[in-house]
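Structure data follow from query31.cif (mmCIF, C-alpha atoms and all ligand atoms):
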data_run
#
loop_
_atom_site.label_atom_id
_atom_site.label_comp_id
_atom_site.auth_asym_id
_atom_site.auth_seq_id
_atom_site.Cartn_x
_atom_site.Cartn_y
_atom_site.Cartn_z
CA MET A 339 0.00 0.00 0.00
CA LYS A 340 1.37 3.36 -1.04
CA VAL A 341 1.17 6.54 1.06
CA LEU A 342 1.85 10.11 -0.03
CA VAL A 343 3.70 12.05 2.67
CA THR A 344 3.93 15.82 2.29
CA GLY A 345 6.86 17.45 4.09
CA GLY A 346 8.74 14.12 3.99
CA CYS A 347 12.15 15.83 4.02
CA GLY A 348 11.35 17.50 7.35
CA TYR A 349 11.87 16.41 10.94
CA ILE A 350 8.63 14.55 11.76
CA GLY A 351 7.90 13.55 8.15
CA ALA A 352 11.24 11.73 7.82
CA HIS A 353 10.77 9.79 11.08
CA THR A 354 7.25 8.86 9.99
CA ILE A 355 8.47 7.60 6.61
CA VAL A 356 10.84 5.22 8.44
CA ASP A 357 7.98 3.95 10.61
CA LEU A 358 5.68 3.53 7.59
CA ILE A 359 8.32 1.58 5.66
CA ASN A 360 9.03 -0.59 8.71
CA ASN A 361 5.31 -1.38 8.77
CA GLY A 362 5.18 -2.45 5.13
CA PHE A 363 4.00 0.73 3.39
CA ASP A 364 5.52 2.20 0.22
CA VAL A 365 6.05 5.94 0.47
CA VAL A 366 6.39 8.88 -1.90
CA SER A 367 7.20 12.33 -0.55
CA VAL A 368 6.34 15.84 -1.72
CA ASP A 369 8.51 18.58 -0.28
CA SER A 370 9.56 21.87 -1.84
CA ASN A 371 12.56 21.93 0.53
CA ILE A 372 11.62 25.47 1.53
CA ARG A 373 12.70 24.50 5.07
CA SER A 374 14.79 21.38 4.44
CA THR A 375 17.22 19.62 2.16
CA THR A 376 17.15 16.03 0.92
CA GLN A 377 19.68 15.05 3.63
CA LEU A 378 17.15 13.12 5.73
CA LEU A 379 16.13 11.04 2.69
CA ASP A 380 19.68 9.65 2.65
CA GLY A 381 19.31 8.76 6.33
CA ILE A 382 15.97 7.06 5.63
CA GLU A 383 17.63 4.97 2.91
CA LYS A 384 20.45 3.94 5.26
CA ILE A 385 17.98 2.92 7.98
CA THR A 386 15.40 1.12 5.83
CA GLY A 387 17.32 0.12 2.70
CA LYS A 388 14.58 1.83 0.66
CA LYS A 389 15.09 4.88 -1.54
CA VAL A 390 12.15 7.24 -1.16
CA ARG A 391 11.26 9.45 -4.10
CA ASN A 392 10.68 13.12 -3.28
CA TYR A 393 8.80 15.39 -5.66
CA LYS A 394 10.31 18.84 -5.22
CA VAL A 395 6.98 20.62 -5.53
CA ASP A 396 5.49 23.63 -3.78
CA LEU A 397 2.04 22.49 -2.65
CA CYS A 398 0.83 26.08 -3.07
CA ASN A 399 1.09 25.40 -6.82
CA LEU A 400 -2.09 23.49 -7.68
CA GLU A 401 -0.97 22.39 -11.14
CA ASP A 402 2.25 20.82 -9.86
CA THR A 403 0.44 19.24 -6.88
CA HIS A 404 -2.18 17.83 -9.23
CA ALA A 405 0.56 16.27 -11.38
CA VAL A 406 1.96 14.41 -8.35
CA PHE A 407 -1.46 13.00 -7.43
CA HIS A 408 -2.07 12.09 -11.09
CA GLU A 409 1.16 10.09 -11.15
CA ASN A 410 0.28 8.35 -7.86
CA ARG A 411 -3.37 7.39 -8.31
CA ASP A 412 -2.85 4.20 -6.32
CA ILE A 413 -2.22 5.84 -2.92
CA VAL A 414 -4.29 4.68 0.06
CA GLY A 415 -3.78 7.90 1.97
CA VAL A 416 -2.07 11.22 2.45
CA ILE A 417 -0.19 12.31 5.57
CA HIS A 418 0.04 16.08 5.38
CA PHE A 419 3.00 17.45 7.35
CA ALA A 420 4.12 20.23 4.99
CA ALA A 421 3.86 23.61 6.69
CA LEU A 422 5.92 26.47 8.05
CA LYS A 423 6.21 26.11 11.84
CA THR A 424 8.25 28.91 13.36
CA VAL A 425 6.11 30.86 15.82
CA PRO A 426 8.11 34.17 15.93
CA GLU A 427 8.40 34.19 12.13
CA SER A 428 4.62 33.86 11.88
CA VAL A 429 4.20 36.81 14.22
CA ALA A 430 6.51 38.90 12.01
CA ASP A 431 4.98 37.74 8.70
CA PRO A 432 1.43 36.42 9.18
CA LEU A 433 0.56 36.44 5.47
CA LEU A 434 3.46 34.12 4.68
CA TYR A 435 1.97 31.63 7.15
CA PHE A 436 -1.66 31.98 6.09
CA HIS A 437 -0.67 31.70 2.43
CA ASN A 438 1.70 28.76 2.75
CA ASN A 439 -0.06 26.64 5.37
CA LEU A 440 -3.62 27.15 4.14
CA THR A 441 -3.12 27.26 0.35
CA SER A 442 -1.07 24.06 0.50
CA LEU A 443 -3.75 22.34 2.60
CA ILE A 444 -6.56 23.44 0.27
CA ASN A 445 -4.63 22.26 -2.79
CA VAL A 446 -3.97 18.88 -1.15
CA LEU A 447 -7.69 18.57 -0.32
CA LYS A 448 -8.69 19.49 -3.89
CA CYS A 449 -6.50 16.64 -5.17
CA VAL A 450 -7.65 14.24 -2.44
CA LYS A 451 -11.19 14.94 -3.62
CA GLU A 452 -10.51 14.67 -7.35
CA PHE A 453 -8.52 11.44 -7.03
CA ASN A 454 -10.84 9.92 -4.40
CA VAL A 455 -8.06 9.37 -1.86
CA PRO A 456 -9.88 7.63 1.00
CA ASN A 457 -7.72 8.57 4.01
CA LEU A 458 -6.05 11.72 5.31
CA VAL A 459 -3.92 12.40 8.40
CA PHE A 460 -3.12 16.02 9.34
CA SER A 461 -0.38 17.49 11.57
CA SER A 462 -1.89 19.79 14.14
CA SER A 463 -0.49 21.15 17.35
CA CYS A 464 -1.31 21.62 21.02
CA SER A 465 -0.98 25.33 20.22
CA VAL A 466 -4.64 25.18 19.07
CA TYR A 467 -5.64 25.08 22.77
CA GLY A 468 -4.13 28.54 23.37
CA ASN A 469 -3.56 29.58 26.95
CA THR A 470 -5.71 26.94 28.61
CA THR A 471 -5.73 26.30 32.35
CA ALA A 472 -7.71 23.05 32.15
CA LEU A 473 -5.00 20.41 32.62
CA PRO A 474 -4.30 17.81 31.41
CA VAL A 475 -5.73 18.85 28.06
CA VAL A 476 -8.35 16.54 26.54
CA GLU A 477 -9.47 16.74 22.92
CA GLU A 478 -12.74 18.39 24.03
CA THR A 479 -10.91 21.17 25.87
CA PRO A 480 -12.24 24.31 24.17
CA ILE A 481 -10.02 25.80 21.48
CA GLY A 482 -8.56 28.97 22.98
CA GLU A 483 -7.43 32.27 21.53
CA ALA A 484 -4.49 31.47 19.21
CA GLN A 485 -1.25 32.96 20.55
CA SER A 486 0.29 33.35 17.07
CA PRO A 487 -0.64 33.34 13.37
CA TYR A 488 1.07 29.92 13.18
CA ALA A 489 -1.33 28.53 15.79
CA ARG A 490 -4.22 30.16 13.94
CA THR A 491 -3.24 28.31 10.72
CA LYS A 492 -3.56 25.06 12.68
CA GLN A 493 -6.96 26.04 14.10
CA MET A 494 -8.16 27.01 10.62
CA GLY A 495 -6.60 23.91 9.07
CA GLU A 496 -8.52 21.73 11.50
CA GLN A 497 -11.78 23.51 10.68
CA ILE A 498 -11.19 23.20 6.93
CA ILE A 499 -10.58 19.45 7.29
CA GLU A 500 -13.61 18.98 9.53
CA ASP A 501 -15.89 20.78 7.06
CA TYR A 502 -14.32 19.03 4.09
CA SER A 503 -14.62 15.57 5.66
CA ARG A 504 -18.26 16.10 6.59
CA VAL A 505 -19.37 16.62 2.98
CA ASN A 506 -16.87 14.47 1.10
CA ASN A 507 -16.13 10.82 1.18
CA THR A 508 -12.78 11.12 2.96
CA GLN A 509 -11.92 9.78 6.40
CA SER A 510 -9.61 12.10 8.30
CA ILE A 511 -7.57 12.14 11.47
CA ILE A 512 -6.19 15.27 13.08
CA LEU A 513 -3.19 14.67 15.34
CA ARG A 514 -2.36 17.36 17.89
CA TYR A 515 1.31 17.02 18.80
CA PHE A 516 2.60 18.40 22.07
CA ASN A 517 6.38 19.08 22.05
CA PRO A 518 8.12 16.66 19.65
CA VAL A 519 11.79 16.08 20.58
CA GLY A 520 14.68 13.67 20.07
CA ALA A 521 15.95 11.77 17.06
CA HIS A 522 16.03 8.28 15.58
CA SER A 523 18.06 5.82 17.67
CA SER A 524 20.35 5.14 14.67
CA GLY A 525 21.66 8.71 14.81
CA LEU A 526 21.00 8.92 11.04
CA ILE A 527 17.99 11.27 11.08
CA GLY A 528 16.96 14.06 13.43
CA GLU A 529 15.99 17.71 13.62
CA LEU A 530 17.88 20.14 11.37
CA PRO A 531 16.88 23.60 12.59
CA LEU A 532 17.72 26.26 10.02
CA GLY A 533 19.50 29.18 11.65
CA LYS A 534 19.24 29.79 15.37
CA PRO A 535 16.76 27.39 17.00
CA ASP A 536 13.86 28.59 19.20
CA ASN A 537 12.81 25.22 20.62
CA LEU A 538 14.20 24.08 23.94
CA VAL A 539 15.85 20.75 23.04
CA PRO A 540 17.90 21.97 20.04
CA VAL A 541 18.86 25.01 22.14
CA ILE A 542 20.08 22.65 24.89
CA THR A 543 22.08 20.39 22.55
CA GLN A 544 23.56 23.32 20.60
CA THR A 545 24.60 24.97 23.87
CA ALA A 546 26.20 21.75 25.06
CA ILE A 547 28.16 21.34 21.81
CA GLY A 548 29.27 24.98 21.88
CA LYS A 549 27.28 26.39 18.92
CA ILE A 550 25.38 28.58 21.39
CA PRO A 551 27.63 30.12 24.07
CA LYS A 552 25.02 30.31 26.82
CA MET A 553 21.29 29.56 26.95
CA THR A 554 18.55 31.29 28.90
CA VAL A 555 15.73 29.65 30.83
CA PHE A 556 12.75 31.86 30.04
CA GLY A 557 11.08 32.57 33.38
CA SER A 558 11.80 31.44 36.94
CA ASP A 559 8.77 32.86 38.75
CA TYR A 560 5.91 30.85 37.26
CA ASP A 561 3.50 29.11 39.59
CA THR A 562 5.01 25.65 38.89
CA ARG A 563 7.05 23.24 41.03
CA ASP A 564 10.37 24.98 40.28
CA GLY A 565 9.23 28.28 38.73
CA SER A 566 9.93 27.29 35.08
CA CYS A 567 7.31 26.39 32.43
CA VAL A 568 5.85 22.90 32.08
CA ARG A 569 5.58 21.08 28.72
CA ASP A 570 4.88 17.57 27.44
CA TYR A 571 8.01 16.47 25.54
CA ILE A 572 7.14 13.53 23.30
CA HIS A 573 9.74 11.57 21.35
CA VAL A 574 9.59 11.98 17.58
CA THR A 575 9.58 8.22 16.91
CA ASP A 576 6.56 7.86 19.20
CA ILE A 577 4.88 10.65 17.24
CA ALA A 578 5.88 8.95 13.98
CA ASN A 579 4.38 5.62 15.03
CA ALA A 580 1.06 7.29 15.85
CA HIS A 581 0.76 8.26 12.16
CA THR A 582 1.16 4.66 11.04
CA LYS A 583 -1.41 3.59 13.62
CA ALA A 584 -3.79 6.39 12.58
CA LEU A 585 -3.57 5.35 8.95
CA GLN A 586 -4.10 1.66 9.79
CA TYR A 587 -7.09 2.63 11.96
CA LEU A 588 -8.66 4.45 9.00
CA ILE A 589 -7.80 1.72 6.48
CA ASN A 590 -9.45 -0.84 8.79
CA HIS A 591 -12.52 1.44 9.14
CA ASN A 592 -12.24 1.55 12.91
CA ASN A 593 -13.10 5.24 12.97
CA ALA A 594 -16.31 6.37 14.62
CA SER A 595 -16.79 9.46 12.42
CA ASN A 596 -15.39 11.12 9.30
CA CYS A 597 -12.98 13.25 11.26
CA GLU A 598 -11.43 12.33 14.59
CA ILE A 599 -8.94 14.25 16.72
CA PHE A 600 -6.19 12.78 18.92
CA ASN A 601 -3.73 14.34 21.36
CA LEU A 602 -0.17 13.04 21.03
CA GLY A 603 1.71 13.62 24.25
CA THR A 604 3.21 11.46 26.99
CA GLY A 605 0.76 12.75 29.58
CA ASN A 606 3.66 13.95 31.77
CA GLY A 607 4.46 17.58 32.38
CA VAL A 608 8.19 18.35 32.62
CA THR A 609 9.63 21.73 33.64
CA VAL A 610 12.41 23.45 31.71
CA LEU A 611 14.79 22.91 34.64
CA GLU A 612 13.87 19.21 34.82
CA ALA A 613 14.54 18.87 31.08
CA ILE A 614 17.96 20.49 31.58
CA LYS A 615 18.72 18.14 34.49
CA ALA A 616 17.70 15.11 32.38
CA PHE A 617 20.06 16.30 29.65
CA GLU A 618 22.96 16.84 32.06
CA LYS A 619 22.41 13.40 33.55
CA ILE A 620 22.53 11.47 30.28
CA SER A 621 25.28 13.52 28.59
CA GLY A 622 27.55 14.23 31.54
CA VAL A 623 27.80 17.79 30.19
CA LYS A 624 27.23 20.71 32.59
CA LEU A 625 25.03 23.11 30.65
CA ASN A 626 25.91 26.80 30.57
CA TYR A 627 22.58 28.48 31.31
CA THR A 628 21.21 31.49 33.06
CA MET A 629 17.76 32.24 34.46
CA GLY A 630 16.11 35.01 32.42
CA PRO A 631 12.81 36.84 32.03
CA ARG A 632 9.63 35.22 30.77
CA ARG A 633 9.31 34.81 26.98
CA PRO A 634 6.28 36.74 25.68
CA GLY A 635 3.45 34.46 24.55
CA ASP A 636 4.59 31.39 26.54
CA VAL A 637 1.84 29.40 28.25
CA ILE A 638 2.74 28.47 31.83
CA SER A 639 1.86 24.81 31.72
CA ILE A 640 0.48 22.40 29.15
CA TYR A 641 0.43 18.61 28.95
CA ALA A 642 -1.81 16.03 27.33
CA ASN A 643 -4.42 13.58 28.36
CA ASN A 644 -3.52 10.90 25.77
CA SER A 645 -6.16 8.29 26.73
CA ARG A 646 -8.05 8.56 23.46
CA ALA A 647 -5.00 7.76 21.30
CA LYS A 648 -4.08 4.90 23.64
CA GLU A 649 -7.55 3.38 23.65
CA LYS A 650 -8.58 3.87 20.02
CA LEU A 651 -5.29 3.74 18.11
CA GLY A 652 -3.55 1.34 20.48
CA TRP A 653 -0.70 3.86 20.62
CA ILE A 654 1.62 3.77 23.61
CA PRO A 655 4.43 6.30 23.86
CA GLN A 656 7.57 4.34 24.74
CA ILE A 657 10.40 6.80 25.22
CA SER A 658 11.32 8.63 28.43
CA ILE A 659 12.57 12.21 28.69
CA GLU A 660 16.07 10.83 29.43
CA ASP A 661 16.10 8.72 26.25
CA SER A 662 14.67 11.66 24.30
CA MET A 663 17.61 13.74 25.48
CA ARG A 664 20.03 10.88 24.76
CA THR A 665 18.91 10.58 21.11
CA ALA A 666 18.85 14.37 20.63
CA TRP A 667 22.41 14.54 21.99
CA GLN A 668 23.59 11.60 19.85
CA TRP A 669 22.19 13.41 16.79
CA GLU A 670 23.88 16.73 17.66
CA VAL A 671 27.21 14.92 18.14
CA SER A 672 26.78 13.10 14.80
CA LEU A 673 26.17 16.45 13.06
CA ARG A 674 29.40 17.81 14.57
CA ASP A 675 31.36 14.68 13.60
CA LYS A 676 30.09 14.98 10.03
CA VAL A 677 31.31 18.59 9.81
CA LEU A 678 34.70 17.64 11.32
CA SER A 679 35.19 14.75 8.90
CA ASN A 680 34.49 16.95 5.83
P1 LIG B 701 9.85 20.74 9.29
O1 LIG B 701 10.01 22.19 8.98
O2 LIG B 701 11.05 19.96 9.68
O3 LIG B 701 9.15 19.99 8.06
C1 LIG B 701 8.15 20.59 7.28
C2 LIG B 701 8.49 20.34 5.82
O4 LIG B 701 7.45 20.90 5.00
C3 LIG B 701 9.79 21.02 5.41
O5 LIG B 701 10.67 20.04 4.87
C4 LIG B 701 9.37 22.04 4.37
O6 LIG B 701 10.33 22.20 3.34
C5 LIG B 701 8.05 21.47 3.85
N1 LIG B 701 7.12 22.47 3.32
C6 LIG B 701 6.65 23.59 3.94
N2 LIG B 701 5.80 24.25 3.13
C7 LIG B 701 5.72 23.54 1.98
C8 LIG B 701 5.00 23.69 0.77
N3 LIG B 701 4.21 24.74 0.54
N4 LIG B 701 5.13 22.75 -0.21
C9 LIG B 701 5.94 21.68 -0.01
N5 LIG B 701 6.66 21.49 1.11
C10 LIG B 701 6.56 22.41 2.09
O7 LIG B 701 8.71 20.64 10.41
P2 LIG B 701 8.30 19.42 11.34
O8 LIG B 701 8.77 19.69 12.70
O9 LIG B 701 8.64 18.13 10.68
O10 LIG B 701 6.72 19.62 11.35
C11 LIG B 701 5.86 18.85 10.53
C12 LIG B 701 4.43 19.28 10.80
O11 LIG B 701 4.14 19.11 12.19
C13 LIG B 701 4.13 20.74 10.50
O12 LIG B 701 2.83 20.83 9.96
C14 LIG B 701 4.19 21.41 11.87
O13 LIG B 701 3.41 22.57 11.91
C15 LIG B 701 3.60 20.31 12.73
N6 LIG B 701 4.00 20.41 14.14
C16 LIG B 701 5.33 20.45 14.46
C17 LIG B 701 5.71 20.56 15.79
C18 LIG B 701 7.17 20.66 16.18
O14 LIG B 701 7.45 21.15 17.29
N7 LIG B 701 8.11 20.20 15.36
C19 LIG B 701 4.72 20.60 16.81
C20 LIG B 701 3.38 20.53 16.44
C21 LIG B 701 3.03 20.43 15.10
C1 LIG B 702 9.51 24.94 25.51
C2 LIG B 702 9.82 25.58 26.85
C3 LIG B 702 10.20 27.94 26.75
C4 LIG B 702 13.96 27.90 24.56
C5 LIG B 702 6.46 25.55 20.37
C6 LIG B 702 5.32 26.06 19.54
C7 LIG B 702 4.23 25.02 19.49
C8 LIG B 702 4.79 23.69 19.00
C9 LIG B 702 5.97 23.27 19.78
C10 LIG B 702 4.50 23.55 16.64
C11 LIG B 702 9.13 26.93 27.05
C12 LIG B 702 11.44 27.22 27.23
C13 LIG B 702 12.81 27.49 25.21
C14 LIG B 702 14.99 28.49 25.33
C15 LIG B 702 13.68 28.21 27.31
N1 LIG B 702 5.23 23.76 17.65
N2 LIG B 702 12.67 27.64 26.54
N3 LIG B 702 14.81 28.61 26.68
O1 LIG B 702 6.96 27.17 23.02
O2 LIG B 702 6.19 25.00 24.10
O3 LIG B 702 6.01 25.29 21.69
O4 LIG B 702 6.95 24.33 19.81
O5 LIG B 702 3.33 23.34 16.57
O6 LIG B 702 3.28 25.51 18.63
O7 LIG B 702 4.82 27.24 20.14
O8 LIG B 702 8.24 25.01 22.68
O9 LIG B 702 10.57 24.34 22.68
O10 LIG B 702 10.02 26.75 22.16
O11 LIG B 702 9.72 25.92 24.49
O12 LIG B 702 13.56 28.36 28.52
O13 LIG B 702 16.04 28.92 24.82
O14 LIG B 702 11.23 25.87 26.89
O15 LIG B 702 10.04 29.15 27.46
O16 LIG B 702 8.75 27.02 28.37
P1 LIG B 702 6.82 25.71 22.96
P2 LIG B 702 9.70 25.52 22.93
#
Rewritten as structure tokens:
Amino acid sequence: MKVLVTGGCGYIGAHTIVDLINNGFDVVSVDSNIRSTTQLLDGIEKITGKKVRNYKVDLCNLEDTHAVFHENRDIVGVIHFAALKTVPESVADPLLYFHNNLTSLINVLKCVKEFNVPNLVFSSSCSVYGNTTALPVVEETPIGEAQSPYARTKQMGEQIIEDYSRVNNTQSIILRYFNPVGAHSSGLIGELPLGKPDNLVPVITQTAIGKIPKMTVFGSDYDTRDGSCVRDYIHVTDIANAHTKALQYLINHNNASNCEIFNLGTGNGVTVLEAIKAFEKISGVKLNYTMGPRRPGDVISIYANNSRAKEKLGWIPQISIEDSMRTAWQWEVSLRDKVLSN
């Protein structure tokens, strides 16, 4: 069975392709490489022994997107990862985000409709919940005020898919990721942040390796157990496996309605200082950090209730925060070794 993965050259897309191949699926990817290179495809080939074809196509171009679907009429589903995801960039340039993330989604849906693709899985984010205080977050927790244009594109994307699925013959799943972290245990694929990273784990590993001289913990006076923010850090291979399970669930017609939503988190809240401690423990590196002011727009605490994904998809997150840090660190070291050997 063949699956079309959009954004397959990116962080979560690449890990998902590995999981799909390991579960017997054939995969084609569509990625314009606006935020990636084809480097992770080489890693996928080394891990799985399979060469994955990527169509270098901007999904905002309907004609080119249509041509990819036309050439791959035999797909059983689409997993739509392709999007821009940098929160501060979306604040600075909202139109870029609305144009890219929504036009690409609408074009994918137009093709899904025309070519009668039966199953669709969409990458959403816990950022759709906004600044909620109802914890842990369940899928019914009301959608809050979006804290950024990026988050708004995910809220709108969800609504577009819900409306689309209601009137068309497509079964859809929306997956709301919490904080994806870590890398594949092989050390052959991982996150490749372009420029200076904003997310905590790449900031930690880049500080430890010396790319960033000193990192700042944003906020020490929050009403949490140690004063720093709480998040639900979920390993990227656990996230990846949920996509395979979601697709199998749809293919087997286990879904209760045309469009279902699942939280993907571990269910455990971890503070920034606990994440740093976990990193120091597994790496043996003392991190150079300082306590700083709060970062504007940060929610204090958010973590998932993941019961629905466990019960319905049979998905069980396997990887601890320590092992997440271990794989993230292994990946950072492998990137450095690659540079040194060139
Ligand atoms: P990523 O940037 O590593 O991968 C996204 C890929 O999509 C990139 O390779 C990029 O080149 C491609 N892309 C973007 N716009 C495109 C377009 N118009 N046409 C073709 N390709 C395009 O990001 P990721 O971390 O792998 O995220 C994947 C998805 O998961 C995104 O939708 C993101 O919003 C969502 N998500 C990510 C996180 C996270 O923290 N990483 C959390 C929640 C949700
Ligand atoms: C985590 C914690 C920071 C960097 C973002 C998006 C969200 C989703 C996941 C896509 C926070 C603290 C960070 C640093 C720090 N992405 N931190 N020093 O903000 O929870 O979520 O990524 O959908 O939409 O908003 O993740 O990794 O940036 O921050 O103290 O140098 O680490 O304040 O408490 P966040 P993050």
Restricting to only C-alpha atoms, whichever of A:Phe556, A:His353, A:Thr386, A:Gly635 is closest to Pro487 (chain A) is A:Gly635
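Minimum atom-to-atom distance to Arg373 (chain A), evaluated using all atoms listed in the file, belongs to A:Leu422 out of A:Ala594, A:Leu422, A:Ile577, A:Val466.
Inspection of the environment of ligand LIG 702 (chain B), which uses only C-alpha atoms and all ligand atoms and a cut-off of 6 Å, identifies the neighbouring residues as Lys423, Val425, Ser463, Ser465, Asn517, Asp536, Asn537, Leu538, Val541, Met553, Thr554, Val555, Phe556, Cys567, Val610, Arg633 and Asp636 of chain A.
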Could you name the residues that touch region 598-608 of chain A at 9 Å or less, counting only C-alpha atoms, but leaving out those on the same chain fewer than 5 positions away, as number ranges by chain?
A: 463-464, 474-477, 500, 509-518, 567-573, 576-577, 580, 593, 613, 639-647, 654-659
Open item on the list: Residues contacting ligand LIG 701 (chain B) - anything with an atom at most 6 Å away, using all atoms listed in the file - can you give me those as a PyMOL selection string?
Closed with: chain A and resi 345+347-351+369-374+395-398+419-423+438+442+461-463+515+517-518
Using only C-alpha atoms, which protein or nucleic acid residues come within 10 Å of Pro456 (chain A)? Drop anything in the same chain fewer than 4 positions from it, and give the result as number ranges by chain. A: 413-416, 450-451, 506-510, 588-589
